Amino acid sequence: MAEKTQMPRILRRIEILSPILIILGIFLLIVNGGSGIGGFYRAWTFGWVFWMSITFGCFGMMLICYMVRARWCRPLISQFEAGSSTMLFMGITAIPFAIAAYTHHLYPWAHPTVVAKDQILQYRSIWFNPNWFLIRTFMEFTIFSTMVFLLIRSSKIIEITRSTQEASQRSFNAAICFVFSILLITVAVTDLIMSLDRHWYSTIYGFIFTITAGLSSMGLCVAIALQMRLDGDAPYDTLVDKLMTRDWGNLLLVFTMVWAYFNLCQYIIQWSGNLPEEVSYYVARNAGLLAFVTVFFVIIRFFIPFLLLISSRLKRVPRMLRNTALLIFFAQILDQAWNIIPMFHSWSGPGSGLRAQLQSFPGYFGSLFLIGGIWTFLFIRSMKQNALVPNEDPQILEALNHAHS
């Protein structure tokens with residue numbers, strides 16, 4: 001089994017940052033206390049969705065690494081496993097959504113008076129009701145947490161025994177989990193996120209959330225790995241070469257293009273269909289000041305990363321690729337803000353001035369920092385408990401030998 005090396009500097013910095021984020025998050029949520037319990041639920045939704053997307057993304061990338069057994073996976077697999085190990089925590093922090101469903105907060109379908117006046121919500125009540133919602137949410141995170149636990153345990157066994165049979169079985173299990181997870185994520189984001197809007201729906205929403213999660217988590221883990229390479233931390237100082245950074249850059253480029261393709265498909269289909277319950281999603285995000293945010297969002301989320309990543313030179317320079325990966329990760333904050341916040345606030349008409357729009361933002365940042373502080377603490381703790389890179393995995397060794405042959 002690989003010996004644990006000294007904790008890299010970037011991970012030590014993140015570890016120091018975690019309690020600061022937690023304290024700052026609690027402070028901002030207290031400041032936002034004047035918005036009431038409804039304001040807390042809205043703020044919690046934003047922070048939770050952001051970090052849940054990173055967790056889902058790490059889980060998906062972990063499954064891909066188990067399946068493809070590629071050389072580029074080796075420096076990242078421990079980070080993907082550490083991010084995936086926060087799945088149980090994210091399930092626990094989803095409890096406020098179940099409470100909101102029973103206390104008639106947050107979700108339109110949870111308000112009896114609203115449902116009584118809305119035929120569409122009455123029709124959907126077979127699926128969207130507090131009891132069935134609670135059961136589905138509990139089952140979803142139980143299944144996800146179980147898959148994460150079993151797969152990571154299998155990796156630890158492989159690292160100790162170097163069993164090729166166990167490694168092959170893990171690849172098979174990962175393939176099954178990957179297909180099943182896409183379906184399960186679609187159900188989860190439909191329940192927890194898409195149902196925040198009273199009538200809007202999209203059949204591709206689950207795929208958009210999945211590729212968004214994969215892109216953002218890949219950006220985070222690539223940025224951390226490249227920072228360790230720049231800091232000269234072993235074993236990244238020798239492990240990460242130009243061939244590997246090129247592979248990472250190409251993957252980020254592909255994910256960016258797929259993200260744009262899925263979003264463009266949804267936009268074209270729904271806008272051309274011109275159905276009120278579909279186009280309302282885009283009308284709300286092109287009203288008032290939010291129209292400028294939408295333009296900026298498209299530029300920073302697609303055009304800038306795309307133009308940077310098509311450069312072959314950038315993918316050979318660790319510092320430039322790290323900065324691009326960080327841009328992709330932090331753009332996820334704007335992505336989720338653009339997606340979530342307009343479901344709660346009107347950005348046009350009476351009461352939609354700048355002050356009214358910004359007064360709830362301390363709560364949004366508070367939940368982002370609080371959940372993020374605990375998430376990063378758990379992430380670093382998992383990284384400490386395991387080797388930074390797998391050295392005894394037979395499938396990883398096979399990929400390395402094939403790359404150098």
# chains A, B, ... in the order shown; residues from 1 in each chain; ligands from 1
call {"tool": "closest_atom_pairs", "arguments": {"of": "stretch 266-340 of chain A", "to": "stretch 194-203 of chain A", "cutoff": "9 Å", "atoms": "only C-alpha atoms", "output": "CSV"}}
result
residue,atom,partner,partner_atom,distance
A:Gln266,CA,A:Ser202,CA,7.5
A:Gln270,CA,A:Ser202,CA,8.4
A:Pro276,CA,A:Trp200,CA,8.5
A:Glu277,CA,A:Trp200,CA,5.0
A:Glu278,CA,A:Trp200,CA,5.3
A:Val279,CA,A:Trp200,CA,8.1
A:Ser280,CA,A:Trp200,CA,7.1
A:Tyr281,CA,A:Trp200,CA,6.6
A:Ile340,CA,A:Leu196,CA,8.4
call {"tool": "residues_around", "arguments": {"residues": "A:Ser311", "least_positions_apart": "5", "cutoff": "12 Å", "atoms": "only C-alpha atoms", "output": "list in words"}}
result
Arg246, Gly249, Asn250, Leu253, Ile304, Pro305, Phe306, Arg316, Val317, Met320, Leu321 and Thr324 of chain A
call {"tool": "write_last_selection", "arguments": {"atoms": "C-alpha atoms", "output": "compact mmCIF listing (two decimals), in the first residue's frame"}}
result
# COMPACT_ATOMS: atom_id res chain seq x y z
CA ARG A 246 -3.33 18.34 -22.21
CA GLY A 249 -7.64 20.60 -20.77
CA ASN A 250 -9.31 18.53 -23.48
CA LEU A 253 -13.17 21.66 -23.23
CA ILE A 304 -14.21 32.61 -22.17
CA PRO A 305 -13.45 29.00 -21.10
CA PHE A 306 -14.08 27.75 -24.65
CA ARG A 316 0.69 22.78 -21.72
CA VAL A 317 1.20 25.57 -19.16
CA MET A 320 -2.69 29.04 -17.20
CA LEU A 321 -4.71 25.82 -17.10
CA THR A 324 -8.96 28.45 -16.37
call {"tool": "residues_around", "arguments": {"residues": "stretch 60-67 of chain A", "least_positions_apart": "4", "cutoff": "6 Å", "atoms": "only C-alpha atoms", "output": "list in words"}}
result
Cys73, Phe80, Ser171 and Ala174 of chain A
call {"tool": "atom_distance", "arguments": {"atom1": "atom CA of A:Leu239", "atom2": "atom CA of A:Glu81"}}
result
18.8 Å
call {"tool": "closest_residue", "arguments": {"among": "A:Arg136, A:His345, A:Lys156, A:Arg9", "to": "A:Gln385", "atoms": "only C-alpha atoms"}}
result
A:Lys156
call {"tool": "closest_residue", "arguments": {"among": "A:Ile77, A:Ile224, A:Val187, A:Trp271", "to": "A:Ser155", "atoms": "only C-alpha atoms"}}
result
A:Ile77
call {"tool": "select_by_dssp", "arguments": {"residues": "stretch 170-241 of chain A", "states": "alpha helix (DSSP H)", "output": "PyMOL selection string"}}
result
chain A and resi 170-192+205-231+236-239
call {"tool": "write_last_selection", "arguments": {"atoms": "N, CA and C atoms", "output": "compact mmCIF listing (two decimals), in the first residue's frame"}}
result
# COMPACT_ATOMS: atom_id res chain seq x y z
N ARG A 170 -14.92 -3.94 -9.76
CA ARG A 170 -15.20 -2.53 -9.47
C ARG A 170 -15.56 -1.78 -10.74
N SER A 171 -14.88 -2.06 -11.84
CA SER A 171 -15.19 -1.40 -13.11
C SER A 171 -16.60 -1.74 -13.57
N PHE A 172 -16.97 -3.00 -13.42
CA PHE A 172 -18.32 -3.43 -13.81
C PHE A 172 -19.37 -2.74 -12.93
N ASN A 173 -19.11 -2.72 -11.62
CA ASN A 173 -20.05 -2.08 -10.70
C ASN A 173 -20.17 -0.58 -10.99
N ALA A 174 -19.06 0.04 -11.33
CA ALA A 174 -19.08 1.47 -11.63
C ALA A 174 -19.92 1.77 -12.85
N ALA A 175 -19.84 0.90 -13.86
CA ALA A 175 -20.64 1.09 -15.07
C ALA A 175 -22.13 1.01 -14.76
N ILE A 176 -22.50 0.04 -13.94
CA ILE A 176 -23.91 -0.10 -13.54
C ILE A 176 -24.35 1.12 -12.74
N CYS A 177 -23.51 1.54 -11.80
CA CYS A 177 -23.84 2.69 -10.96
C CYS A 177 -23.94 3.97 -11.79
N PHE A 178 -23.12 4.09 -12.82
CA PHE A 178 -23.14 5.30 -13.64
C PHE A 178 -24.48 5.46 -14.35
N VAL A 179 -24.94 4.39 -14.98
CA VAL A 179 -26.23 4.45 -15.70
C VAL A 179 -27.37 4.71 -14.71
N PHE A 180 -27.35 3.98 -13.61
CA PHE A 180 -28.41 4.13 -12.62
C PHE A 180 -28.39 5.52 -11.99
N SER A 181 -27.18 6.07 -11.79
CA SER A 181 -27.06 7.37 -11.15
C SER A 181 -27.64 8.49 -12.00
N ILE A 182 -27.48 8.38 -13.33
CA ILE A 182 -28.06 9.40 -14.21
C ILE A 182 -29.57 9.48 -14.02
N LEU A 183 -30.20 8.32 -13.94
CA LEU A 183 -31.65 8.29 -13.72
C LEU A 183 -32.02 8.81 -12.34
N LEU A 184 -31.23 8.42 -11.34
CA LEU A 184 -31.52 8.83 -9.97
C LEU A 184 -31.29 10.33 -9.77
N ILE A 185 -30.25 10.87 -10.40
CA ILE A 185 -30.00 12.31 -10.31
C ILE A 185 -31.13 13.09 -10.97
N THR A 186 -31.65 12.58 -12.08
CA THR A 186 -32.77 13.24 -12.75
C THR A 186 -33.97 13.35 -11.83
N VAL A 187 -34.27 12.26 -11.13
CA VAL A 187 -35.39 12.27 -10.18
C VAL A 187 -35.10 13.24 -9.04
N ALA A 188 -33.86 13.21 -8.53
CA ALA A 188 -33.51 14.04 -7.38
C ALA A 188 -33.60 15.53 -7.71
N VAL A 189 -33.04 15.94 -8.84
CA VAL A 189 -33.06 17.37 -9.17
C VAL A 189 -34.46 17.82 -9.57
N THR A 190 -35.27 16.91 -10.10
CA THR A 190 -36.66 17.25 -10.39
C THR A 190 -37.41 17.53 -9.10
N ASP A 191 -37.20 16.68 -8.09
CA ASP A 191 -37.87 16.85 -6.81
C ASP A 191 -37.38 18.08 -6.07
N LEU A 192 -36.06 18.22 -5.95
CA LEU A 192 -35.49 19.21 -5.04
C LEU A 192 -35.30 20.58 -5.67
N TYR A 205 -33.40 18.54 -18.02
CA TYR A 205 -32.86 19.25 -16.87
C TYR A 205 -31.88 18.39 -16.08
N GLY A 206 -32.17 17.12 -15.91
CA GLY A 206 -31.28 16.22 -15.19
C GLY A 206 -29.93 16.08 -15.87
N PHE A 207 -29.94 16.00 -17.21
CA PHE A 207 -28.68 15.90 -17.96
C PHE A 207 -27.88 17.20 -17.86
N ILE A 208 -28.57 18.34 -17.90
CA ILE A 208 -27.89 19.62 -17.75
C ILE A 208 -27.22 19.72 -16.38
N PHE A 209 -27.95 19.32 -15.35
CA PHE A 209 -27.38 19.37 -14.00
C PHE A 209 -26.19 18.42 -13.89
N THR A 210 -26.27 17.26 -14.51
CA THR A 210 -25.19 16.27 -14.43
C THR A 210 -23.92 16.78 -15.10
N ILE A 211 -24.04 17.32 -16.31
CA ILE A 211 -22.84 17.80 -17.01
C ILE A 211 -22.29 19.04 -16.32
N THR A 212 -23.18 19.88 -15.75
CA THR A 212 -22.73 21.04 -15.00
C THR A 212 -21.93 20.61 -13.77
N ALA A 213 -22.43 19.58 -13.08
CA ALA A 213 -21.74 19.08 -11.90
C ALA A 213 -20.39 18.49 -12.26
N GLY A 214 -20.35 17.70 -13.34
CA GLY A 214 -19.09 17.10 -13.76
C GLY A 214 -18.06 18.14 -14.16
N LEU A 215 -18.50 19.16 -14.89
CA LEU A 215 -17.59 20.22 -15.33
C LEU A 215 -17.02 20.98 -14.14
N SER A 216 -17.87 21.34 -13.18
CA SER A 216 -17.42 22.14 -12.05
C SER A 216 -16.50 21.36 -11.12
N SER A 217 -16.85 20.11 -10.85
CA SER A 217 -15.99 19.29 -9.98
C SER A 217 -14.66 18.99 -10.65
N MET A 218 -14.68 18.79 -11.97
CA MET A 218 -13.43 18.59 -12.70
C MET A 218 -12.57 19.85 -12.62
N GLY A 219 -13.19 21.02 -12.73
CA GLY A 219 -12.45 22.27 -12.62
C GLY A 219 -11.80 22.41 -11.25
N LEU A 220 -12.54 22.08 -10.19
CA LEU A 220 -12.00 22.18 -8.83
C LEU A 220 -10.82 21.24 -8.62
N CYS A 221 -10.99 19.99 -8.98
CA CYS A 221 -9.94 18.99 -8.72
C CYS A 221 -8.71 19.22 -9.60
N VAL A 222 -8.91 19.63 -10.85
CA VAL A 222 -7.78 19.94 -11.72
C VAL A 222 -7.01 21.13 -11.18
N ALA A 223 -7.72 22.16 -10.70
CA ALA A 223 -7.06 23.34 -10.14
C ALA A 223 -6.21 22.96 -8.92
N ILE A 224 -6.75 22.12 -8.05
CA ILE A 224 -5.99 21.69 -6.86
C ILE A 224 -4.76 20.88 -7.26
N ALA A 225 -4.94 19.94 -8.20
CA ALA A 225 -3.82 19.12 -8.65
C ALA A 225 -2.73 19.97 -9.30
N LEU A 226 -3.11 20.94 -10.11
CA LEU A 226 -2.12 21.79 -10.76
C LEU A 226 -1.43 22.71 -9.77
N GLN A 227 -2.14 23.16 -8.73
CA GLN A 227 -1.50 23.97 -7.71
C GLN A 227 -0.46 23.16 -6.95
N MET A 228 -0.76 21.89 -6.69
CA MET A 228 0.23 21.03 -6.05
C MET A 228 1.43 20.83 -6.97
N ARG A 229 1.18 20.76 -8.25
CA ARG A 229 2.29 20.66 -9.21
C ARG A 229 3.13 21.94 -9.20
N LEU A 230 2.50 23.09 -9.16
CA LEU A 230 3.23 24.36 -9.14
C LEU A 230 3.98 24.57 -7.83
N ASP A 231 3.42 24.06 -6.72
CA ASP A 231 4.09 24.17 -5.43
C ASP A 231 5.24 23.18 -5.27
N TYR A 236 3.11 15.07 -7.11
CA TYR A 236 2.57 15.80 -8.26
C TYR A 236 3.64 16.52 -9.05
N ASP A 237 4.78 16.82 -8.41
CA ASP A 237 5.83 17.55 -9.11
C ASP A 237 6.41 16.75 -10.28
N THR A 238 6.37 15.43 -10.17
CA THR A 238 6.87 14.58 -11.26
C THR A 238 5.75 13.86 -12.00
N LEU A 239 4.62 13.70 -11.33
CA LEU A 239 3.53 12.93 -11.92
C LEU A 239 2.78 13.71 -13.00
call {"tool": "residues_around", "arguments": {"residues": "stretch 142-151 of chain A", "least_positions_apart": "2", "cutoff": "6 Å", "atoms": "only C-alpha atoms", "output": "VMD selection string"}}
result
chain A and resid 87 to 88 139 to 140 153 to 154
call {"tool": "write_last_selection", "arguments": {"atoms": "C-alpha atoms", "output": "PDB file, in the first residue's frame"}}
result
ATOM      1  CA  MET A  87     -22.535  12.385  -0.016  1.00  0.00           C
ATOM      2  CA  LEU A  88     -23.880  11.386   3.399  1.00  0.00           C
ATOM      3  CA  MET A 139     -34.155   6.625  -0.681  1.00  0.00           C
ATOM      4  CA  GLU A 140     -32.104   8.686  -3.144  1.00  0.00           C
ATOM      5  CA  ARG A 153     -14.146   0.437   0.121  1.00  0.00           C
ATOM      6  CA  SER A 154     -13.460  -1.653  -2.970  1.00  0.00           C
TER       7      SER A 154
END
call {"tool": "atom_distance", "arguments": {"atom1": "atom CA of A:Pro8", "atom2": "atom CA of A:Arg319"}}
result
16.9 Å
call {"tool": "residues_around", "arguments": {"residues": "stretch 110-127 of chain A", "least_positions_apart": "4", "cutoff": "9 Å", "atoms": "only C-alpha atoms", "output": "number ranges by chain"}}
result
A: 100-106, 132-133, 198-199
call {"tool": "write_last_selection", "arguments": {"atoms": "C-alpha atoms", "output": "tab-separated table (two decimals), in the first residue's frame"}}
result
chain	number	residue	atom	x	y	z
A	100	ALA	CA	-40.13	22.83	4.32
A	101	ALA	CA	-42.46	20.44	2.54
A	102	TYR	CA	-44.34	19.69	5.75
A	103	THR	CA	-44.40	23.28	7.00
A	104	HIS	CA	-45.65	24.56	3.61
A	105	HIS	CA	-42.55	26.64	2.90
A	106	LEU	CA	-40.38	26.86	-0.19
A	132	TRP	CA	-43.88	10.75	-1.09
A	133	PHE	CA	-41.31	13.54	-1.38
A	198	ARG	CA	-44.65	26.25	-9.98
A	199	HIS	CA	-45.23	25.10	-13.57
call {"tool": "closest_residue", "arguments": {"among": "A:Asn129, A:Ile380, A:Ala98, A:Gly366", "to": "A:Ile10", "atoms": "only C-alpha atoms"}}
result
A:Ile380
call {"tool": "atom_distance", "arguments": {"atom1": "atom CA of A:Val389", "atom2": "atom CA of A:Ala234"}}
result
10.1 Å
call {"tool": "residues_around", "arguments": {"residues": "A:Gly83", "least_positions_apart": "6", "cutoff": "7 Å", "atoms": "only C-alpha atoms", "output": "list in words"}}
result
Thr55, Cys58 and Phe379 of chain A
